[in-house]
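One file, start03.txt, carrying compact mmCIF, C-alpha atoms:
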```
# COMPACT_ATOMS: atom_id res chain seq x y z
CA MET A 1 11.41 158.13 72.73
CA SER A 2 14.46 155.99 72.16
CA GLU A 3 16.71 155.38 75.13
CA SER A 4 20.22 156.79 74.94
CA LYS A 5 22.87 154.14 75.06
CA GLU A 6 25.82 154.88 77.34
CA LEU A 7 29.30 154.32 75.95
CA PRO A 8 32.06 152.56 77.90
CA VAL A 9 34.49 154.88 79.65
CA GLY A 10 37.15 156.17 77.25
CA GLU A 11 35.37 155.00 74.10
CA ASN A 12 34.79 157.62 71.43
CA PRO A 13 31.33 157.81 69.84
CA VAL A 14 30.93 157.33 66.10
CA LEU A 15 29.35 160.47 64.71
CA PRO A 16 26.57 160.33 62.12
CA PRO A 17 27.49 160.95 58.48
CA ALA A 18 28.20 164.60 57.72
CA ASN A 19 25.74 166.55 55.59
CA GLY A 20 23.13 163.83 55.77
CA GLY A 21 24.37 161.33 53.17
CA ASN A 22 28.14 161.88 53.03
CA ALA A 23 29.18 158.66 54.77
CA PHE A 24 32.90 158.28 55.36
CA PRO A 25 34.30 155.65 52.95
CA GLU A 26 37.00 154.58 55.45
CA GLY A 27 39.50 154.31 52.62
CA GLY A 28 38.92 153.64 48.95
CA THR A 29 41.35 154.37 46.12
CA GLN A 30 41.12 158.14 46.45
CA GLY A 31 41.20 157.92 50.22
CA TRP A 32 44.45 155.97 50.25
CA LEU A 33 45.95 158.20 47.55
CA THR A 34 45.09 161.20 49.70
CA LEU A 35 46.72 159.50 52.69
CA LEU A 36 49.85 158.84 50.59
CA GLY A 37 49.94 162.45 49.42
CA ALA A 38 49.57 163.77 52.96
CA SER A 39 52.37 161.46 54.12
CA LEU A 40 54.67 162.74 51.35
CA MET A 41 53.79 166.27 52.42
CA GLN A 42 54.77 165.42 56.00
CA PHE A 43 58.03 163.94 54.67
CA SER A 44 58.89 167.16 52.88
CA THR A 45 57.68 169.77 55.35
CA PHE A 46 57.30 168.19 58.59
CA GLY A 47 53.64 168.47 55.62
CA HIS A 48 43.96 172.49 47.39
CA HIS A 49 44.81 175.97 46.62
CA LEU A 50 46.09 176.42 50.14
CA MET A 51 48.58 173.58 49.77
CA ILE A 52 49.63 174.47 46.23
CA ALA A 53 50.59 177.97 47.39
CA GLY A 54 52.32 176.53 50.44
CA ALA A 55 54.27 174.03 48.30
CA PHE A 56 55.41 176.85 46.04
CA LEU A 57 56.60 178.94 48.99
CA HIS A 58 58.34 175.90 50.46
CA ALA A 59 60.31 175.31 47.25
CA PHE A 60 61.01 179.02 46.74
CA SER A 61 62.27 179.50 50.31
CA TYR A 62 64.70 176.60 50.15
CA PHE A 63 66.06 177.56 46.76
CA MET A 64 66.60 181.08 48.13
CA LEU A 65 68.48 179.57 51.07
CA SER A 66 70.86 177.97 48.57
CA LEU A 67 71.79 181.49 47.38
CA SER A 68 72.72 182.76 50.86
CA HIS A 69 76.28 183.83 51.61
CA GLU A 70 78.55 183.35 54.59
CA GLN A 71 78.12 185.86 57.44
CA GLN A 72 74.89 187.16 55.85
CA TYR A 73 72.44 186.10 58.50
CA TYR A 74 69.60 188.26 57.17
CA GLN A 75 69.47 186.10 54.04
CA VAL A 76 68.87 182.98 56.12
CA PHE A 77 66.31 184.87 58.20
CA LEU A 78 64.37 185.96 55.11
CA SER A 79 64.32 182.52 53.51
CA GLN A 80 63.77 180.42 56.64
CA GLY A 81 62.38 182.74 59.32
CA LEU A 82 59.86 184.40 57.01
CA GLY A 83 59.55 182.17 53.96
CA VAL A 84 59.28 178.84 55.76
CA SER A 85 58.22 179.56 59.34
CA ILE A 86 55.67 182.34 58.85
CA PHE A 87 54.32 181.97 55.32
CA LYS A 88 54.39 178.19 54.96
CA ARG A 89 53.88 176.89 58.48
CA GLY A 90 51.76 179.82 59.63
CA SER A 91 49.58 181.07 56.81
CA PHE A 92 49.59 177.98 54.61
CA SER A 93 50.52 175.24 57.13
CA LEU A 94 51.13 172.37 54.73
CA PRO A 95 51.29 169.53 57.31
CA ASN A 96 48.03 170.53 59.00
CA ALA A 97 46.20 170.99 55.70
CA GLY A 98 47.27 167.50 54.61
CA LEU A 99 45.94 165.98 57.83
CA GLY A 100 42.67 167.85 57.41
CA ILE A 101 42.05 166.38 53.95
CA VAL A 102 42.73 162.83 55.17
CA SER A 103 39.95 163.27 57.74
CA HIS A 104 37.50 163.60 54.82
CA TYR A 105 37.92 159.88 54.11
CA PHE A 106 38.27 158.32 57.57
CA GLN A 107 36.18 158.55 60.72
CA ARG A 108 36.17 155.23 62.56
CA HIS A 109 39.83 154.60 61.64
CA ARG A 110 40.84 158.25 61.66
CA PRO A 111 43.45 157.97 64.48
CA LEU A 112 45.23 155.16 62.63
CA ALA A 113 45.07 157.07 59.33
CA MET A 114 46.56 160.15 61.00
CA GLY A 115 49.33 158.02 62.49
CA ILE A 116 50.21 156.55 59.10
CA VAL A 117 50.34 160.06 57.62
CA ALA A 118 52.64 161.19 60.45
CA VAL A 119 55.05 158.37 59.57
CA GLY A 120 56.07 160.49 56.58
CA ALA A 121 57.45 163.13 58.95
CA ALA A 122 59.42 160.49 60.85
CA VAL A 123 60.93 159.01 57.67
CA GLY A 124 61.84 162.48 56.45
CA ALA A 125 63.41 163.32 59.81
CA VAL A 126 65.55 160.16 59.56
CA LEU A 127 66.74 160.69 56.00
CA HIS A 128 67.09 164.48 55.73
CA PRO A 129 69.74 164.99 58.46
CA ILE A 130 71.89 162.13 57.18
CA MET A 131 71.55 163.20 53.55
CA LEU A 132 72.28 166.86 54.23
CA ASN A 133 75.22 166.05 56.51
CA ARG A 134 76.83 163.93 53.79
CA LEU A 135 76.15 166.56 51.12
CA PHE A 136 77.36 169.55 53.15
CA HIS A 137 80.58 167.88 54.30
CA GLY A 138 81.31 166.15 50.98
CA SER A 139 82.24 167.40 47.55
CA VAL A 140 78.76 168.82 46.91
CA GLY A 141 78.91 171.54 49.55
CA PHE A 142 76.24 173.60 51.29
CA HIS A 143 74.67 175.49 48.41
CA ASN A 144 74.30 172.58 46.02
CA GLY A 145 73.27 170.35 48.91
CA VAL A 146 70.39 172.67 49.74
CA ARG A 147 69.41 172.76 46.04
CA ILE A 148 69.33 168.96 45.87
CA SER A 149 67.17 168.80 49.00
CA ALA A 150 64.85 171.53 47.69
CA ALA A 151 64.49 169.81 44.31
CA MET A 152 63.68 166.45 45.95
CA ASN A 153 61.08 168.00 48.25
CA THR A 154 59.54 169.96 45.38
CA VAL A 155 59.04 166.79 43.34
CA LEU A 156 57.47 165.04 46.34
CA LEU A 157 55.14 168.00 46.99
CA ILE A 158 54.02 167.97 43.34
CA ILE A 159 53.21 164.25 43.64
CA ALA A 160 51.45 164.86 46.97
CA ASN A 161 49.25 167.62 45.57
CA GLY A 162 48.42 165.43 42.59
CA CYS A 163 47.32 162.55 44.84
CA MET A 164 45.10 164.47 47.28
CA ARG A 165 41.49 165.43 46.67
CA THR A 166 38.95 166.99 49.00
CA ARG A 167 35.66 165.08 49.45
CA LEU A 168 33.46 167.25 51.65
CA PRO A 169 32.38 170.84 50.92
CA PRO A 170 33.83 173.64 53.07
CA LYS A 171 32.07 174.08 56.39
CA LYS A 172 30.02 177.25 56.58
CA THR A 173 30.97 179.41 59.53
CA GLY A 174 29.56 182.71 60.72
CA SER A 175 32.90 184.48 61.03
CA ALA A 176 36.34 184.07 59.51
CA LEU A 177 37.95 184.65 62.94
CA PRO A 178 35.40 183.47 65.54
CA PHE A 179 37.42 184.37 68.64
CA LEU A 180 34.33 184.97 70.76
CA GLU A 181 33.04 181.49 69.91
CA PHE A 182 36.37 180.02 70.97
CA MET A 183 36.27 181.88 74.28
CA ARG A 184 32.88 180.34 75.10
CA ASP A 185 34.32 176.81 74.88
CA PRO A 186 36.53 176.33 77.99
CA ALA A 187 37.76 172.87 76.97
CA TYR A 188 38.93 174.11 73.58
CA LEU A 189 40.43 177.25 75.12
CA PHE A 190 42.54 175.24 77.58
CA CYS A 191 43.70 172.97 74.76
CA VAL A 192 44.88 176.01 72.82
CA ILE A 193 46.73 177.36 75.86
CA GLY A 194 48.27 173.98 76.66
CA GLY A 195 49.26 173.24 73.06
CA PRO A 196 52.34 175.52 72.91
CA LEU A 197 53.47 174.33 76.35
CA PHE A 198 53.12 170.73 75.20
CA ILE A 199 55.12 171.38 72.03
CA CYS A 200 57.91 173.06 74.03
CA GLY A 201 58.18 170.04 76.30
CA LEU A 202 57.88 167.59 73.42
CA PHE A 203 60.79 169.02 71.41
CA PHE A 204 63.06 169.89 74.33
CA PRO A 205 64.94 166.55 74.27
CA VAL A 206 65.15 166.68 70.47
CA PHE A 207 66.96 170.04 70.58
CA PHE A 208 69.48 169.04 73.25
CA LEU A 209 69.89 165.28 72.82
CA GLN A 210 73.00 165.50 70.62
CA LEU A 211 74.67 168.16 72.76
CA ASP A 212 73.94 166.28 75.97
CA ALA A 213 75.28 163.06 74.45
CA ILE A 214 78.58 164.77 73.51
CA ASN A 215 78.84 166.35 76.98
CA HIS A 216 78.54 162.87 78.49
CA GLY A 217 81.39 161.47 76.39
CA VAL A 218 79.49 159.95 73.48
CA ASP A 219 81.46 160.02 70.22
CA GLY A 220 80.46 163.02 68.10
CA GLN A 221 79.81 160.93 65.00
CA LEU A 222 77.56 158.57 66.91
CA ALA A 223 75.84 161.44 68.74
CA PHE A 224 74.81 162.85 65.37
CA TYR A 225 72.80 159.70 64.64
CA CYS A 226 70.90 159.91 67.95
CA ILE A 227 68.32 162.14 66.23
CA SER A 228 67.92 159.63 63.40
CA VAL A 229 67.49 156.83 65.96
CA LEU A 230 64.87 158.92 67.75
CA ASN A 231 62.90 159.55 64.57
CA ALA A 232 63.24 155.96 63.37
CA ALA A 233 61.71 154.78 66.65
CA SER A 234 58.95 157.36 66.27
CA ILE A 235 57.76 155.49 63.15
CA PHE A 236 56.36 152.89 65.53
CA GLY A 237 55.40 155.55 68.06
CA ARG A 238 53.24 157.35 65.52
CA VAL A 239 51.27 154.25 64.51
CA ILE A 240 51.00 151.82 67.44
CA PRO A 241 49.47 154.27 69.99
CA THR A 242 46.71 155.21 67.51
CA ILE A 243 45.36 151.66 67.83
CA PHE A 244 44.63 152.33 71.52
CA VAL A 245 43.25 155.87 71.15
CA PRO A 246 39.57 154.85 70.75
CA LYS A 247 39.68 152.86 74.01
CA LEU A 248 42.11 154.82 76.19
CA GLY A 249 41.67 158.37 74.91
CA VAL A 250 44.19 160.85 73.53
CA PHE A 251 45.00 162.66 76.78
CA ASN A 252 45.55 159.45 78.76
CA LEU A 253 48.15 158.37 76.20
CA ILE A 254 49.81 161.78 76.23
CA ILE A 255 50.18 161.64 80.01
CA SER A 256 51.76 158.17 79.88
CA PHE A 257 54.18 159.12 77.08
CA THR A 258 55.26 162.27 78.90
CA LEU A 259 57.53 160.03 81.00
CA GLY A 260 59.63 159.51 77.87
CA ILE A 261 61.33 162.90 78.26
CA LEU A 262 62.56 162.13 81.79
CA PHE A 263 66.09 160.77 81.52
CA PRO A 264 68.91 160.46 84.07
CA THR A 265 71.97 162.71 84.27
CA SER A 266 74.64 159.98 84.32
CA LEU A 267 74.51 158.22 80.96
CA THR A 268 76.56 155.97 78.73
CA THR A 269 76.47 155.51 74.96
CA PRO A 270 74.07 152.51 74.96
CA ILE A 271 71.75 154.32 77.35
CA PHE A 272 71.69 157.39 75.10
CA ILE A 273 70.76 155.22 72.13
CA GLY A 274 68.00 153.62 74.22
CA ILE A 275 66.75 157.04 75.38
CA ALA A 276 66.63 158.28 71.78
CA GLY A 277 64.50 155.30 70.87
CA LEU A 278 62.25 155.73 73.93
CA ILE A 279 61.64 159.43 73.22
CA GLY A 280 60.93 158.58 69.59
CA LYS A 281 58.28 156.08 70.62
```

Spit out the file's structure as structure tokens when you get a sec.
Amino acid sequence: MSESKELPVGENPVLPPANGGNAFPEGGTQGWLTLLGASLMQFSTFGHHLMIAGAFLHAFSYFMLSLSHEQQYYQVFLSQGLGVSIFKRGSFSLPNAGLGIVSHYFQRHRPLAMGIVAVGAAVGAVLHPIMLNRLFHGSVGFHNGVRISAAMNTVLLIIANGCMRTRLPPKKTGSALPFLEFMRDPAYLFCVIGGPLFICGLFFPVFFLQLDAINHGVDGQLAFYCISVLNAASIFGRVIPTIFVPKLGVFNLIISFTLGILFPTSLTTPIFIGIAGLIGK
């Protein structure tokens, strides 16, 4: 019998190759193309048959938004509340599907690969608000501004779907909805319960940062760019921590970064800019 070798505390084990001989290439031309495609998907959505359908619904929903009329809230609800939120992010979930395909090519460097993919969401979150603000309040207007954004995202999603390829066969499971299996795994169950609470806390400062900045006397034009500053800083925050994940662990990093949402009540403009950058990281 071979003796089991204990791993240092916090270090993640390297799993054996899946399906016997399917060793993870840790990159390669197709691996990096898949990573690029997933990053473009994150840029556009947040984000292969699953993703093709999701990309179509994404484009369709935003083009339908461009046809909405003033004081017709139900039109916005149908295009965004149903078309984007439920069908795309729920049933088709473009960002998650893109991350899943990247994991086919990386195992040892998977945290770093995931962080690089997530940079696409940060870049998109920097550029989209500024672009749409200039389009909506310029000569282009709301409807054509939405069409321009939808057309740009559609082109990027087409490129993304063309770049990505799956490498491993689908995993065979006993049930399509194995709820009983989930209930028997307490660690997974608590992660599922804590996930929504974590997301609520994570995005709380993002929702109210601009409003709180204006309430504390920050110029409205500058307060608008606080979100872009936050997301620009998150480019580093999405990559640098992944370097430490194998040694420190995911949950230890999450606990330490939770302090980023704690900010004082008496603030000035430079402090708000610094807070936006801290939350982004």

- Item | Polymer residues at most 10 Å from Thr166 in chain A, only C-alpha atoms, same-chain spacing of 5 or more positions, as a count of residues only | 10

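Minimum atom-to-atom distances from A:Ile130, A:Phe142, A:Arg147, A:Phe257 to Ser61 in chain A were compared using all atoms listed in the file, and the lowest value belongs to A:Arg147.
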
- Expressed in Å to a single decimal, how great is the separation between CA of Leu202 in chain A and CA of Pro111 in chain A?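 Distance between the two atoms: 19.5 Å.
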
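Going from CA of Met64 in chain A to CA of Ser79 in chain A covers 6.0 Å.
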
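The coordinates place CA of Gly115 in chain A at 11.9 Å from CA of Leu36 in chain A.
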
- Item | Neighbour list for Ser68 in chain A as a list in words, cut-off 10 Å, all atoms listed in the file, skip fewer than 4 positions in-chain |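 Counting all atoms listed in the file, the residues come to Phe63, Met64, Gln72, Tyr73, Tyr74, Gln75, Val76, Phe77, Leu78, Ser79, Phe142 and His143 of chain A.
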
- Task: Write out as JSON, numbers by chain each polymer residue whose atoms come within 12 Å of Met131 in chain A, counting only C-alpha atoms; drop sequence neighbours fewer than 6 positions from it.
- Result: {"A": [124, 125, 137, 138, 140, 141, 142, 145, 146, 148, 149, 152, 225, 228]}

Since we have the selection now, will you write its residues out, keeping C-alpha atoms, as a compact mmCIF listing (two decimals), in the coordinates of the input?
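Generated output (again27.txt):
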```
# COMPACT_ATOMS: atom_id res chain seq x y z
CA GLY A 124 61.84 162.48 56.45
CA ALA A 125 63.41 163.32 59.81
CA HIS A 137 80.58 167.88 54.30
CA GLY A 138 81.31 166.15 50.98
CA VAL A 140 78.76 168.82 46.91
CA GLY A 141 78.91 171.54 49.55
CA PHE A 142 76.24 173.60 51.29
CA GLY A 145 73.27 170.35 48.91
CA VAL A 146 70.39 172.67 49.74
CA ILE A 148 69.33 168.96 45.87
CA SER A 149 67.17 168.80 49.00
CA MET A 152 63.68 166.45 45.95
CA TYR A 225 72.80 159.70 64.64
CA SER A 228 67.92 159.63 63.40
```

- Message: Just checking: using only C-alpha atoms, which residue out of A:Ser139, A:Thr258, A:Gln107, A:Thr29 ends up closest to Pro205 in chain A?
- Response: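 With only C-alpha atoms as the atom set, the closest residue is A:Thr258.
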
Residues within 10 Å of range 231-241 of chain A, please, as a short mmCIF file (atom, residue, chain, number, x, y, z; two decimals) with C-alpha atoms, in the coordinates of the input. Count all atoms listed in the file; anything in the same chain fewer than 4 positions from it doesn't count.
```cif
data_model
loop_
_atom_site.label_atom_id
_atom_site.label_comp_id
_atom_site.auth_asym_id
_atom_site.auth_seq_id
_atom_site.Cartn_x
_atom_site.Cartn_y
_atom_site.Cartn_z
CA PRO A 111 43.45 157.97 64.48
CA LEU A 112 45.23 155.16 62.63
CA ALA A 113 45.07 157.07 59.33
CA MET A 114 46.56 160.15 61.00
CA GLY A 115 49.33 158.02 62.49
CA ILE A 116 50.21 156.55 59.10
CA VAL A 117 50.34 160.06 57.62
CA ALA A 118 52.64 161.19 60.45
CA VAL A 119 55.05 158.37 59.57
CA GLY A 120 56.07 160.49 56.58
CA ALA A 121 57.45 163.13 58.95
CA ALA A 122 59.42 160.49 60.85
CA VAL A 123 60.93 159.01 57.67
CA GLY A 124 61.84 162.48 56.45
CA ALA A 125 63.41 163.32 59.81
CA VAL A 126 65.55 160.16 59.56
CA LEU A 127 66.74 160.69 56.00
CA VAL A 206 65.15 166.68 70.47
CA TYR A 225 72.80 159.70 64.64
CA CYS A 226 70.90 159.91 67.95
CA ILE A 227 68.32 162.14 66.23
CA VAL A 245 43.25 155.87 71.15
CA PRO A 246 39.57 154.85 70.75
CA LEU A 248 42.11 154.82 76.19
CA VAL A 250 44.19 160.85 73.53
CA LEU A 253 48.15 158.37 76.20
CA ILE A 254 49.81 161.78 76.23
CA PHE A 257 54.18 159.12 77.08
CA GLY A 274 68.00 153.62 74.22
CA ALA A 276 66.63 158.28 71.78
CA GLY A 277 64.50 155.30 70.87
CA LEU A 278 62.25 155.73 73.93
CA ILE A 279 61.64 159.43 73.22
CA GLY A 280 60.93 158.58 69.59
CA LYS A 281 58.28 156.08 70.62
#
```

- Message: Applying 10 Å and only C-alpha atoms, which residues near Leu211 in chain A remain after dropping the ones on its own chain fewer than 6 positions away? List them as a PyMOL selection string.
- Response: chain A and resi 205+218+220+223-224
